[in-house]
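The structure file data_37.txt is reproduced below (compact mmCIF, C-alpha atoms and all ligand atoms).
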# COMPACT_ATOMS: atom_id res chain seq x y z
CA MET A 122 4.96 103.30 236.34
CA SER A 123 7.71 100.90 237.52
CA ALA A 124 9.97 101.48 240.54
CA LEU A 125 12.83 102.15 238.12
CA ASP A 126 10.78 104.80 236.29
CA ASP A 127 10.20 106.48 239.64
CA ILE A 128 13.94 106.71 240.26
CA LEU A 129 14.61 107.76 236.67
CA GLU A 130 12.35 110.75 237.18
CA GLN A 131 14.86 111.96 239.74
CA PHE A 132 17.86 111.60 237.42
CA ALA A 133 17.89 115.26 236.39
CA PRO A 134 21.35 116.42 235.23
CA GLY A 135 20.00 119.94 234.59
CA ASP A 136 18.48 120.33 238.02
CA ALA A 137 20.25 122.33 240.75
CA ALA A 138 19.15 120.05 243.58
CA PHE A 139 20.33 116.95 241.73
CA ILE A 140 23.69 118.55 240.91
CA ALA A 141 24.16 119.65 244.53
CA ASP A 142 24.06 116.02 245.64
CA PRO A 143 23.58 113.45 242.87
CA TYR A 144 24.79 110.55 245.01
CA PRO A 145 21.52 109.34 246.63
CA VAL A 146 19.80 109.14 243.22
CA LEU A 147 22.87 107.55 241.63
CA ALA A 148 22.94 104.97 244.44
CA GLU A 149 19.28 104.09 243.90
CA LEU A 150 19.82 103.74 240.16
CA ARG A 151 22.96 101.65 240.61
CA GLU A 152 21.18 99.29 242.99
CA ALA A 153 18.12 99.09 240.74
CA THR A 154 19.98 98.34 237.50
CA PRO A 155 23.46 98.12 235.96
CA ILE A 156 22.24 99.95 232.84
CA PHE A 157 19.27 102.08 231.83
CA TRP A 158 18.06 103.95 228.77
CA ASN A 159 18.05 107.73 229.00
CA GLU A 160 15.24 108.89 226.74
CA SER A 161 16.30 112.53 226.74
CA THR A 162 19.86 111.91 225.50
CA ASN A 163 19.35 108.61 223.63
CA GLN A 164 22.08 106.90 225.60
CA TRP A 165 22.52 103.79 227.69
CA MET A 166 23.67 104.92 231.13
CA VAL A 167 26.05 102.51 232.92
CA THR A 168 26.04 102.59 236.70
CA ARG A 169 28.39 99.94 238.18
CA PHE A 170 32.16 99.99 238.68
CA ASP A 171 33.07 96.70 237.01
CA ASP A 172 31.01 97.47 233.91
CA VAL A 173 32.45 100.99 233.60
CA SER A 174 35.98 99.76 234.17
CA ALA A 175 35.55 96.97 231.59
CA ALA A 176 33.99 99.35 229.03
CA LEU A 177 36.94 101.76 229.39
CA LYS A 178 39.28 98.94 228.41
CA ASN A 179 37.11 97.31 225.74
CA ARG A 180 38.29 98.29 222.26
CA LYS A 181 34.83 97.51 220.85
CA PHE A 182 33.86 100.88 222.33
CA GLY A 183 35.32 104.13 221.03
CA ARG A 184 35.27 107.79 221.93
CA SER A 185 34.56 108.40 218.25
CA TYR A 186 33.26 106.33 215.34
CA THR A 187 34.23 108.41 212.32
CA HIS A 188 37.35 106.29 211.69
CA MET A 189 35.02 103.35 210.93
CA PHE A 190 31.62 104.70 209.89
CA SER A 191 30.04 107.71 208.26
CA HIS A 192 27.44 109.61 210.28
CA GLU A 193 24.74 108.33 207.89
CA GLU A 194 25.83 104.72 208.35
CA LEU A 195 25.19 104.98 212.07
CA GLY A 196 22.03 107.03 211.60
CA ARG A 197 23.64 109.95 213.41
CA THR A 198 23.72 113.59 212.45
CA ALA A 199 27.01 115.16 211.37
CA PRO A 200 28.49 117.74 213.77
CA ASP A 201 26.54 120.99 213.54
CA VAL A 202 28.22 123.24 210.96
CA ARG A 203 27.35 126.26 213.06
CA TRP A 204 30.05 125.15 215.51
CA THR A 205 32.83 124.77 212.94
CA ARG A 206 35.50 126.35 215.11
CA PHE A 207 34.58 124.23 218.11
CA ASN A 208 34.61 121.11 215.92
CA GLU A 209 37.95 122.15 214.43
CA HIS A 210 39.53 122.68 217.86
CA GLU A 211 38.76 119.14 218.98
CA GLN A 212 39.28 117.38 215.65
CA TRP A 213 42.79 116.16 216.54
CA SER A 214 42.35 116.03 220.29
CA LEU A 215 43.30 112.67 221.84
CA LEU A 216 39.81 112.65 223.26
CA SER A 217 38.28 112.66 219.75
CA LEU A 218 40.49 109.99 218.25
CA GLU A 219 40.77 106.24 218.09
CA PRO A 220 43.61 104.09 216.68
CA PRO A 221 45.53 104.39 214.46
CA ASP A 222 45.55 108.22 214.76
CA HIS A 223 45.18 108.08 218.55
CA THR A 224 48.14 105.69 218.89
CA ARG A 225 50.38 107.80 216.65
CA ILE A 226 49.55 111.14 218.27
CA ARG A 227 49.62 109.83 221.85
CA ARG A 228 53.03 108.24 221.19
CA LEU A 229 54.41 111.54 219.88
CA ILE A 230 52.98 113.51 222.81
CA ALA A 231 54.33 110.95 225.30
CA LYS A 232 57.80 111.51 223.85
CA VAL A 233 57.78 115.09 225.13
CA PHE A 234 55.26 114.94 228.02
CA THR A 235 57.52 112.50 229.85
CA PRO A 236 57.74 111.63 233.57
CA ARG A 237 61.04 113.54 233.53
CA ALA A 238 59.38 116.67 232.10
CA VAL A 239 56.70 116.37 234.81
CA ALA A 240 59.28 115.84 237.58
CA LYS A 241 61.04 119.00 236.41
CA LEU A 242 57.87 120.92 237.17
CA ALA A 243 58.11 120.10 240.90
CA GLU A 244 59.99 123.30 241.69
CA PRO A 245 57.77 125.73 239.74
CA ILE A 246 54.69 123.95 241.12
CA GLU A 247 55.92 124.50 244.67
CA GLY A 248 56.73 128.13 243.82
CA PHE A 249 53.25 128.84 242.39
CA SER A 250 51.61 127.12 245.34
CA ASN A 251 53.64 129.01 247.97
CA GLU A 252 53.03 132.35 246.31
CA LEU A 253 49.27 131.75 246.28
CA LEU A 254 49.26 130.40 249.83
CA ASP A 255 51.02 133.64 250.94
CA ARG A 256 48.21 135.56 249.27
CA CYS A 257 45.55 133.42 251.01
CA GLU A 258 47.30 134.08 254.33
CA GLU A 259 47.30 137.81 253.69
CA LEU A 260 43.60 137.72 252.81
CA GLY A 261 42.66 135.58 255.82
CA THR A 262 39.32 134.83 254.19
CA PHE A 263 39.67 133.72 250.60
CA ASP A 264 37.99 131.80 247.79
CA LEU A 265 39.85 128.55 247.29
CA LEU A 266 38.88 128.47 243.62
CA SER A 267 39.56 132.00 242.37
CA ASP A 268 42.35 132.87 244.83
CA TYR A 269 44.17 129.56 244.65
CA ALA A 270 43.07 126.63 242.46
CA GLN A 271 42.38 128.46 239.19
CA PRO A 272 45.48 130.68 239.06
CA TYR A 273 47.56 127.75 240.34
CA SER A 274 46.45 125.16 237.82
CA VAL A 275 46.56 127.52 234.85
CA ALA A 276 50.03 128.78 235.87
CA VAL A 277 51.30 125.19 236.02
CA ILE A 278 49.94 124.29 232.59
CA CYS A 279 51.06 127.53 230.97
CA SER A 280 54.57 127.21 232.39
CA MET A 281 54.71 123.64 231.12
CA LEU A 282 53.49 124.63 227.64
CA GLY A 283 55.56 127.79 227.45
CA VAL A 284 52.61 130.21 227.32
CA PRO A 285 53.53 133.73 228.56
CA THR A 286 52.19 134.47 232.06
CA SER A 287 50.46 137.60 230.74
CA ASP A 288 48.20 135.40 228.57
CA THR A 289 47.02 132.95 231.24
CA GLN A 290 43.74 134.79 231.84
CA LEU A 291 42.91 134.57 228.14
CA LEU A 292 43.39 130.80 228.18
CA LEU A 293 41.38 130.49 231.34
CA ASP A 294 38.40 132.35 229.85
CA TRP A 295 38.52 130.40 226.58
CA SER A 296 38.79 127.08 228.38
CA HIS A 297 35.82 127.85 230.67
CA ALA A 298 33.65 128.82 227.69
CA ILE A 299 34.64 125.81 225.56
CA VAL A 300 34.17 123.01 228.08
CA LYS A 301 30.53 124.03 228.66
CA MET A 302 29.84 122.56 225.20
CA TYR A 303 30.29 119.07 226.73
CA GLU A 304 27.28 119.41 229.03
CA LEU A 305 24.12 117.43 228.35
CA THR A 306 22.12 120.61 228.77
CA ALA A 307 24.20 123.22 226.86
CA SER A 308 22.02 126.12 225.66
CA GLU A 309 22.27 127.80 222.25
CA GLU A 310 23.89 130.83 223.87
CA THR A 311 26.50 128.64 225.57
CA LYS A 312 27.29 126.94 222.26
CA ILE A 313 27.71 130.28 220.47
CA ALA A 314 30.10 131.43 223.20
CA ALA A 315 32.03 128.12 223.08
CA ASP A 316 32.43 128.34 219.31
CA ARG A 317 33.60 131.95 219.48
CA ALA A 318 36.10 131.07 222.22
CA ALA A 319 37.39 128.12 220.17
CA GLY A 320 37.98 130.41 217.17
CA GLU A 321 39.97 132.92 219.20
CA TYR A 322 41.89 130.17 220.94
CA ILE A 323 42.83 128.48 217.64
CA ALA A 324 44.13 131.78 216.23
CA TYR A 325 46.14 132.39 219.41
CA THR A 326 47.64 128.89 219.39
CA ARG A 327 48.54 129.07 215.69
CA ASP A 328 50.46 132.24 216.40
CA LEU A 329 52.09 130.73 219.50
CA ILE A 330 53.33 127.73 217.48
CA ALA A 331 54.79 130.05 214.83
CA ARG A 332 56.67 131.94 217.56
CA LYS A 333 57.97 128.69 219.08
CA ARG A 334 59.19 127.52 215.68
CA ARG A 335 61.11 130.78 215.31
CA GLU A 336 62.42 130.75 218.88
CA PRO A 337 62.32 127.25 220.41
CA ASP A 338 62.44 127.26 224.22
CA GLY A 339 62.48 123.54 225.06
CA LEU A 340 59.00 123.77 226.63
CA LEU A 341 56.06 121.63 225.57
CA VAL A 342 54.59 123.57 222.61
CA SER A 343 58.03 124.06 221.21
CA GLU A 344 58.83 120.37 221.69
CA LEU A 345 55.52 119.27 220.14
CA ALA A 346 56.46 121.27 217.06
CA ARG A 347 59.84 119.51 216.92
CA VAL A 348 59.05 115.95 217.96
CA GLU A 349 59.59 113.11 215.51
CA ASP A 350 59.25 109.37 215.87
CA GLU A 351 59.78 106.71 213.22
CA GLY A 352 59.65 109.42 210.56
CA GLU A 353 56.36 110.81 211.88
CA SER A 354 55.67 114.23 213.34
CA LEU A 355 52.65 116.28 214.39
CA THR A 356 50.88 118.57 211.91
CA GLU A 357 50.05 122.12 212.92
CA ASP A 358 46.36 121.23 213.42
CA GLU A 359 47.36 118.29 215.62
CA ILE A 360 49.57 120.52 217.77
CA ILE A 361 46.74 123.04 218.07
CA SER A 362 44.23 120.43 219.27
CA THR A 363 46.83 118.91 221.60
CA THR A 364 47.76 122.20 223.21
CA MET A 365 44.11 123.03 223.73
CA VAL A 366 43.12 119.64 225.15
CA LEU A 367 46.01 119.77 227.60
CA VAL A 368 44.72 123.08 228.95
CA GLU A 369 41.05 122.11 228.99
CA ALA A 370 41.42 118.58 230.32
CA GLY A 371 44.17 119.57 232.70
CA HIS A 372 42.82 122.75 234.13
CA GLU A 373 39.12 122.19 234.81
CA ALA A 374 39.53 118.76 236.38
CA THR A 375 42.34 119.82 238.70
CA VAL A 376 40.55 122.96 239.89
CA ASN A 377 37.31 121.12 240.58
CA THR A 378 39.04 118.22 242.30
CA LEU A 379 40.53 120.76 244.70
CA GLY A 380 37.19 122.55 245.20
CA ASN A 381 35.13 119.40 245.75
CA GLY A 382 37.94 117.83 247.75
CA PHE A 383 38.41 120.69 250.20
CA ARG A 384 34.67 120.91 250.67
CA ALA A 385 34.63 117.21 251.61
CA LEU A 386 37.59 117.68 253.96
CA MET A 387 35.91 120.60 255.73
CA HIS A 388 32.68 118.65 256.09
CA HIS A 389 34.59 115.73 257.59
CA ARG A 390 36.79 117.51 260.12
CA SER A 391 38.26 114.30 261.54
CA GLN A 392 39.53 113.39 258.06
CA TRP A 393 41.14 116.83 257.66
CA GLU A 394 42.81 116.33 261.04
CA ARG A 395 44.16 112.96 259.93
CA VAL A 396 45.87 114.80 257.07
CA THR A 397 47.20 117.73 259.13
CA SER A 398 48.50 115.42 261.88
CA GLY A 399 50.32 113.23 259.37
CA ASP A 400 48.26 110.22 260.45
CA VAL A 401 47.66 109.46 256.76
CA THR A 402 49.82 110.25 253.77
CA VAL A 403 48.81 113.09 251.49
CA SER A 404 49.04 110.64 248.57
CA SER A 405 46.40 108.40 250.12
CA ALA A 406 44.17 111.41 250.83
CA ILE A 407 44.25 112.72 247.27
CA GLU A 408 43.22 109.34 245.87
CA GLU A 409 40.17 109.50 248.13
CA LEU A 410 39.36 113.04 246.93
CA LEU A 411 39.42 111.69 243.36
CA ARG A 412 37.16 108.76 244.24
CA TYR A 413 34.72 110.32 246.68
CA ASP A 414 33.62 113.41 244.78
CA SER A 415 35.14 113.45 241.32
CA PRO A 416 34.30 116.52 239.27
CA LEU A 417 34.13 114.31 236.17
CA GLN A 418 30.78 112.60 236.48
CA MET A 419 30.32 111.11 233.05
CA PHE A 420 32.21 109.91 229.97
CA GLU A 421 30.72 108.58 226.74
CA ARG A 422 31.58 105.84 224.26
CA TRP A 423 30.18 104.54 220.95
CA VAL A 424 29.59 100.87 220.29
CA LEU A 425 31.84 100.07 217.30
CA GLU A 426 31.46 96.29 216.99
CA PRO A 427 28.66 93.78 217.49
CA GLY A 428 28.52 91.23 220.28
CA ILE A 429 28.64 93.46 223.35
CA GLU A 430 26.32 93.43 226.29
CA ILE A 431 26.35 95.23 229.61
CA GLY A 432 24.47 93.81 232.59
CA GLY A 433 22.56 91.46 230.27
CA GLN A 434 21.55 94.29 227.93
CA PRO A 435 22.71 93.61 224.34
CA LEU A 436 24.08 96.71 222.59
CA ASN A 437 24.00 97.48 218.88
CA VAL A 438 26.70 99.02 216.73
CA GLY A 439 26.09 102.79 216.81
CA ASP A 440 24.56 102.82 220.31
CA GLU A 441 26.04 105.33 222.70
CA ILE A 442 26.81 104.59 226.34
CA ALA A 443 27.38 107.12 229.10
CA MET A 444 29.45 105.83 231.99
CA LEU A 445 28.39 107.35 235.31
CA PHE A 446 31.73 107.73 237.09
CA GLY A 447 30.20 109.24 240.22
CA SER A 448 27.99 106.19 240.58
CA ALA A 449 30.74 103.67 239.77
CA GLN A 450 33.16 105.26 242.25
CA ARG A 451 30.67 104.57 245.04
CA ASP A 452 29.75 101.05 244.05
CA PRO A 453 29.65 98.84 247.17
CA ARG A 454 30.58 95.85 244.98
CA ARG A 455 34.01 97.45 244.56
CA PHE A 456 34.56 99.71 247.61
CA ASP A 457 33.94 98.91 251.28
CA ALA A 458 31.56 101.46 252.82
CA PRO A 459 31.71 103.58 249.64
CA GLU A 460 29.67 106.46 251.08
CA VAL A 461 32.27 106.94 253.81
CA PHE A 462 34.90 109.58 253.09
CA ASP A 463 38.05 107.88 254.34
CA VAL A 464 41.35 109.60 253.53
CA GLY A 465 43.22 106.53 254.75
CA ARG A 466 41.61 104.25 252.16
CA ASP A 467 44.85 104.32 250.15
CA ASP A 468 43.24 102.86 247.04
CA PRO A 469 44.66 104.41 243.87
CA ALA A 470 42.98 101.79 241.64
CA HIS A 471 39.81 103.86 241.23
CA ILE A 472 38.73 105.12 237.81
CA GLY A 473 39.16 108.85 238.51
CA PHE A 474 41.75 109.00 235.72
CA GLY A 475 39.90 106.59 233.44
CA GLY A 476 41.39 103.39 232.02
CA GLY A 477 42.43 101.77 228.74
CA ILE A 478 43.91 103.71 225.84
CA HIS A 479 42.41 107.06 226.90
CA PHE A 480 43.78 106.82 230.46
CA CYS A 481 44.61 110.36 231.58
CA ILE A 482 47.97 111.30 230.11
CA GLY A 483 48.21 114.08 232.71
CA ALA A 484 47.67 111.84 235.78
CA PRO A 485 51.27 112.13 237.09
CA LEU A 486 51.11 115.91 236.75
CA ALA A 487 47.65 116.10 238.34
CA ARG A 488 48.77 113.97 241.28
CA GLN A 489 51.82 116.20 241.76
CA GLU A 490 49.67 119.36 241.68
CA LEU A 491 47.10 117.94 244.10
CA ASN A 492 49.79 116.61 246.41
CA ARG A 493 51.57 119.96 246.61
CA SER A 494 48.32 121.80 247.28
CA LEU A 495 47.06 119.51 250.01
CA SER A 496 50.47 119.44 251.73
CA GLY A 497 50.74 123.23 251.50
CA PHE A 498 47.32 123.91 253.03
CA ALA A 499 47.71 121.22 255.70
CA ASP A 500 51.14 122.49 256.80
CA ARG A 501 50.30 126.16 256.80
CA PHE A 502 46.63 126.32 257.73
CA PRO A 503 45.68 123.37 259.94
CA ASN A 504 42.81 125.48 261.32
CA LEU A 505 41.31 126.02 257.87
CA GLN A 506 37.54 126.59 258.06
CA LEU A 507 34.65 126.70 255.64
CA VAL A 508 33.04 130.15 255.85
CA ASP A 509 29.75 129.37 254.14
CA GLU A 510 28.10 126.51 252.31
CA PRO A 511 29.05 126.77 248.61
CA SER A 512 26.83 126.27 245.57
CA TYR A 513 27.54 124.34 242.38
CA HIS A 514 27.77 125.49 238.79
CA PRO A 515 24.64 124.30 236.94
CA THR A 516 26.63 121.60 235.14
CA PHE A 517 26.71 117.87 235.79
CA VAL A 518 29.30 116.35 233.43
CA ILE A 519 31.98 118.63 234.88
CA ARG A 520 30.58 119.13 238.37
CA GLY A 521 32.26 121.86 240.37
CA LEU A 522 31.69 124.66 242.84
CA ARG A 523 31.16 128.30 241.93
CA SER A 524 33.37 129.31 244.84
CA LEU A 525 34.61 127.94 248.15
CA THR A 526 35.04 130.65 250.76
CA MET A 527 37.40 129.62 253.51
CA SER A 528 39.33 131.24 256.33
CA THR A 529 42.85 130.37 257.39
CA SER A 530 41.95 130.22 261.08
C1 LIG B 601 42.55 115.80 238.88
C2 LIG B 601 42.79 116.08 237.64
C3 LIG B 601 42.41 115.20 236.48
C4 LIG B 601 41.43 114.25 236.36
C5 LIG B 601 40.45 113.79 237.42
C6 LIG B 601 41.50 113.73 235.00
C7 LIG B 601 40.69 112.71 234.52
C8 LIG B 601 40.77 112.20 233.24
C9 LIG B 601 39.98 111.09 232.74
C10 LIG B 601 38.91 110.35 233.54
C11 LIG B 601 40.34 110.86 231.46
C12 LIG B 601 39.81 109.75 230.54
C13 LIG B 601 38.65 110.18 229.68
C14 LIG B 601 38.02 109.03 228.94
O1 LIG B 601 38.37 107.87 229.11
O2 LIG B 601 37.06 109.28 228.16
C15 LIG B 601 41.36 111.82 231.12
C16 LIG B 601 41.98 111.92 229.90
C17 LIG B 601 42.87 112.93 229.59
N1 LIG B 601 43.44 113.84 230.46
FE1 LIG B 601 43.07 114.03 232.42
N2 LIG B 601 42.49 114.38 234.34
C18 LIG B 601 43.08 115.28 235.20
C19 LIG B 601 44.15 116.10 234.93
C20 LIG B 601 44.78 116.21 233.73
C21 LIG B 601 45.93 117.02 233.45
C22 LIG B 601 46.67 117.87 234.48
C23 LIG B 601 46.18 116.91 232.11
C24 LIG B 601 47.25 117.54 231.27
C25 LIG B 601 47.92 118.61 231.52
C26 LIG B 601 45.20 116.00 231.55
C27 LIG B 601 45.10 115.64 230.23
C28 LIG B 601 44.30 114.64 229.75
C29 LIG B 601 44.28 114.24 228.34
C30 LIG B 601 45.06 114.86 227.21
C31 LIG B 601 43.40 113.15 228.25
C32 LIG B 601 43.05 112.35 226.99
C33 LIG B 601 43.93 111.14 226.90
C34 LIG B 601 43.60 110.26 225.71
O3 LIG B 601 42.48 110.34 225.18
O4 LIG B 601 44.46 109.47 225.31
N3 LIG B 601 44.37 115.58 232.57
N4 LIG B 601 41.61 112.62 232.23

Show me the file's structure as structure tokens.
Ligand code: HEM
Amino acid sequence: MSALDDILEQFAPGDAAFIADPYPVLAELREATPIFWNESTNQWMVTRFDDVSAALKNRKFGRSYTHMFSHEELGRTAPDVRWTRFNEHEQWSLLSLEPPDHTRIRRLIAKVFTPRAVAKLAEPIEGFSNELLDRCEELGTFDLLSDYAQPYSVAVICSMLGVPTSDTQLLLDWSHAIVKMYELTASEETKIAADRAAGEYIAYTRDLIARKRREPDGLLVSELARVEDEGESLTEDEIISTTMVLVEAGHEATVNTLGNGFRALMHHRSQWERVTSGDVTVSSAIEELLRYDSPLQMFERWVLEPGIEIGGQPLNVGDEIAMLFGSAQRDPRRFDAPEVFDVGRDDPAHIGFGGGIHFCIGAPLARQELNRSLSGFADRFPNLQLVDEPSYHPTFVIRGLRSLTMSTS
């Protein structure tokens, strides 16, 4: 057995101990090799920052291949027909598309999800945050995730989309169930639940769009139904997938960035104090939260054209790569002292929001949400404490805490 095989044995995305702290194993892998074959998922795993960053921007890779090849042509199996509703929900998601559909749909979405629309959310975002911070203060000891981050992030997205407040819990439950399908280790039971949730969510969204067409309110779903550009508009199925991806992509990542981020801040008290004292800007601190312990550990791409290699490894059309963001974000070739959590690093050019054509369309909103939250907690609760050591959900691709119990003093 080679030294690399020894390390590979420890790369165990289904294992609780690995999920709790994947970074030592990721560091060993990254230093051993820029790329390795993962037998259990049939993917090339990419470990280093420059390679990941280049792959994100290289159009010879795609998030999907069906615009160029049939499943048979690439020797791949078609999506499982048992998960029709799940497949339907993501069919027109930006994350399932490549040009020309991706270009057309992203352009139409960008016409309504504008920087101005995001700036207009500043006031409601502050309102939601303050209300929840009041509640945390009343409680004294609270769970950052269920008492703050989850209701906060879902309220922001729902108010942006124009989803009634009374329905936010429904969306939250559907979103949680659906995103589990993206794990490398999803069980049959999880897949059944994800498919059921997708079906209910599609029916709900179809109805919501019909209501918005009858009574437009100027909010995002209503605007998506109205938007036109160069004679093009979005079909109902495209609006459905778009609405759903905005909730799923927007909600889970924001919540888990707050959870992982506050855990890091509490474990590095001096860094928290740099934030509360105003020694560093909140903007710099949130970029470090996104780099140091991103909840999004892995993104995949298909090789669409010949002539690509990574780290000397030639890749064939139809190969799949998995980019290990958590490893890349701690690559010493790119970041000085990458294992050090330094809120003053002030380096927004990480890959926490991706790169290339799939760069996170919600990044300005996410930054605003994170900024408001960190400022709010730092101003109101400088003596914030971790009450006990949290545990992680048994998922690696979206890596987040089950809960984060904290006290305000
Ligand atoms: C801290 C929070 C967030 C993080 C870390 C994050 C991260 C990312 C990353 C890494 C990608 C690129 C995926 C890839 O290249 O395969 C992405 C794409 C995306 N994100 Fe975010 N995101 C966050 C918040 C949001 C929010 C708030 C929204 C919307 C409300 C959003 C909507 C999207 C969408 C729609 C895409 C797909 C874009 C495309 O394919 O063109 N995200 N996000």

Give the residues close to ligand LIG 601 (chain B), within 8 Å, counting all atoms listed in the file; write them as a CSV table (one decimal) with C-alpha atoms, in the frame of the given file.
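Full text of out_20.csv as output:
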chain,number,residue,atom,x,y,z
A,177,LEU,CA,36.9,101.8,229.4
A,184,ARG,CA,35.3,107.8,221.9
A,214,SER,CA,42.4,116.0,220.3
A,215,LEU,CA,43.3,112.7,221.8
A,216,LEU,CA,39.8,112.6,223.3
A,217,SER,CA,38.3,112.7,219.8
A,218,LEU,CA,40.5,110.0,218.2
A,223,HIS,CA,45.2,108.1,218.6
A,227,ARG,CA,49.6,109.8,221.8
A,278,ILE,CA,49.9,124.3,232.6
A,363,THR,CA,46.8,118.9,221.6
A,366,VAL,CA,43.1,119.6,225.2
A,367,LEU,CA,46.0,119.8,227.6
A,368,VAL,CA,44.7,123.1,229.0
A,369,GLU,CA,41.0,122.1,229.0
A,370,ALA,CA,41.4,118.6,230.3
A,371,GLY,CA,44.2,119.6,232.7
A,372,HIS,CA,42.8,122.8,234.1
A,373,GLU,CA,39.1,122.2,234.8
A,374,ALA,CA,39.5,118.8,236.4
A,375,THR,CA,42.3,119.8,238.7
A,376,VAL,CA,40.6,123.0,239.9
A,377,ASN,CA,37.3,121.1,240.6
A,378,THR,CA,39.0,118.2,242.3
A,379,LEU,CA,40.5,120.8,244.7
A,411,LEU,CA,39.4,111.7,243.4
A,415,SER,CA,35.1,113.4,241.3
A,416,PRO,CA,34.3,116.5,239.3
A,417,LEU,CA,34.1,114.3,236.2
A,420,PHE,CA,32.2,109.9,230.0
A,421,GLU,CA,30.7,108.6,226.7
A,422,ARG,CA,31.6,105.8,224.3
A,472,ILE,CA,38.7,105.1,237.8
A,473,GLY,CA,39.2,108.8,238.5
A,474,PHE,CA,41.8,109.0,235.7
A,475,GLY,CA,39.9,106.6,233.4
A,476,GLY,CA,41.4,103.4,232.0
A,477,GLY,CA,42.4,101.8,228.7
A,478,ILE,CA,43.9,103.7,225.8
A,479,HIS,CA,42.4,107.1,226.9
A,480,PHE,CA,43.8,106.8,230.5
A,481,CYS,CA,44.6,110.4,231.6
A,482,ILE,CA,48.0,111.3,230.1
A,483,GLY,CA,48.2,114.1,232.7
A,484,ALA,CA,47.7,111.8,235.8
A,485,PRO,CA,51.3,112.1,237.1
A,486,LEU,CA,51.1,115.9,236.8
A,487,ALA,CA,47.6,116.1,238.3
A,488,ARG,CA,48.8,114.0,241.3
A,490,GLU,CA,49.7,119.4,241.7
A,491,LEU,CA,47.1,117.9,244.1

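When all atoms listed in the file are used to compute distances to Trp393 in chain A, the closest of the residues A:Glu259, A:Asp463, A:Asp509, A:Glu152 turns out to be A:Asp463.
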
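Restricting the calculation to only C-alpha atoms, the smallest distance between Arg197 in chain A and any of A:Val438, A:Ile156, A:Ala346, A:Leu265 is found for A:Val438.
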
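Residues in contact with Val396 in chain A at up to 12 Å, not including ones fewer than 5 positions away on its chain and judged by all atoms listed in the file, are Phe383, Leu386, Met387, His389, Arg390, Ser391, Val401, Thr402, Val403, Ser404, Ser405, Ala406, Ile407, Glu409, Asp463, Val464, Gly465, Asn492, Leu495, Ser496, Gly497, Phe498, Ala499, Asp500, Phe502, Pro503 and Asn504 of chain A.
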
### Task
Between CA of Lys241 in chain A and CA of Asp414 in chain A, measure the distance and give it in Å to one decimal.
29.2 Å

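If only C-alpha atoms are the atoms counted, then among A:Asp171, A:Glu351, A:Asp467, A:Glu359 the closest residue to Lys232 in chain A is A:Glu351.
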
### Message
So the first atom is CA of Asp172 in chain A and the second is CA of Met419 in chain A; what is the distance between them in Å, to one decimal place?
### Response
13.7 Å

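CA of Trp158 in chain A is found 28.3 Å from CA of Gln212 in chain A.
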
### Task
Find the spatial neighbours of Thr289 in chain A, counting only C-alpha atoms, within a cut-off of 8 Å - ignore same-chain residues fewer than 5 positions away - and output them as a list of chain:residue names.
A:Val275, A:Ala276, A:Cys279, A:Val284

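Restricting the calculation to only C-alpha atoms, the smallest distance between Thr306 in chain A and any of A:Ala133, A:Ala443, A:Ala124, A:Thr356 is found for A:Ala133.
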
Interface rows for range 280-390 of chain A against range 246-255 of chain A: nearest pair, Å to one decimal, 12 Å, all atoms listed in the file, as a Markdown table:
| residue | atom | partner | partner_atom | distance |
| --- | --- | --- | --- | --- |
| A:Ser280 | CA | A:Ile246 | CA | 9.3 |
| A:Met281 | CA | A:Ile246 | CA | 10.0 |
| A:Thr286 | CA | A:Phe249 | CA | 11.8 |

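Residues lying within 12 Å of Ala314 in chain A, counting all atoms listed in the file and ignoring same-chain neighbours fewer than 5 positions away, are Arg203, Trp204, Arg206, Phe207, Asp294, Trp295, Ser296, His297, Ala298, Ile299, Val300, Lys301, Met302, Ala307, Ser308, Glu309, Ala319, Gly320 and Glu321 of chain A.
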
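Minimum atom-to-atom distance to Tyr322 in chain A, evaluated using all atoms listed in the file, belongs to A:Leu291 out of A:Ile140, A:Leu291, A:Leu195, A:Val348.
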
### Summary
Using all atoms listed in the file, the best pick from A:Gln450, A:Glu357, A:Arg501, A:Gly283 as closest to Ala470 in chain A would be A:Gln450

Please give the centre and size of the box around range 254-259 of chain A (axis-aligned, containing every atom listed in the file, 4 Å added per side), with values in Å to one decimal and written as lines of an AutoDock Vina configuration file.
center_x = 48.3
center_y = 134.1
center_z = 251.8
size_x = 13.5
size_y = 15.4
size_z = 13.1
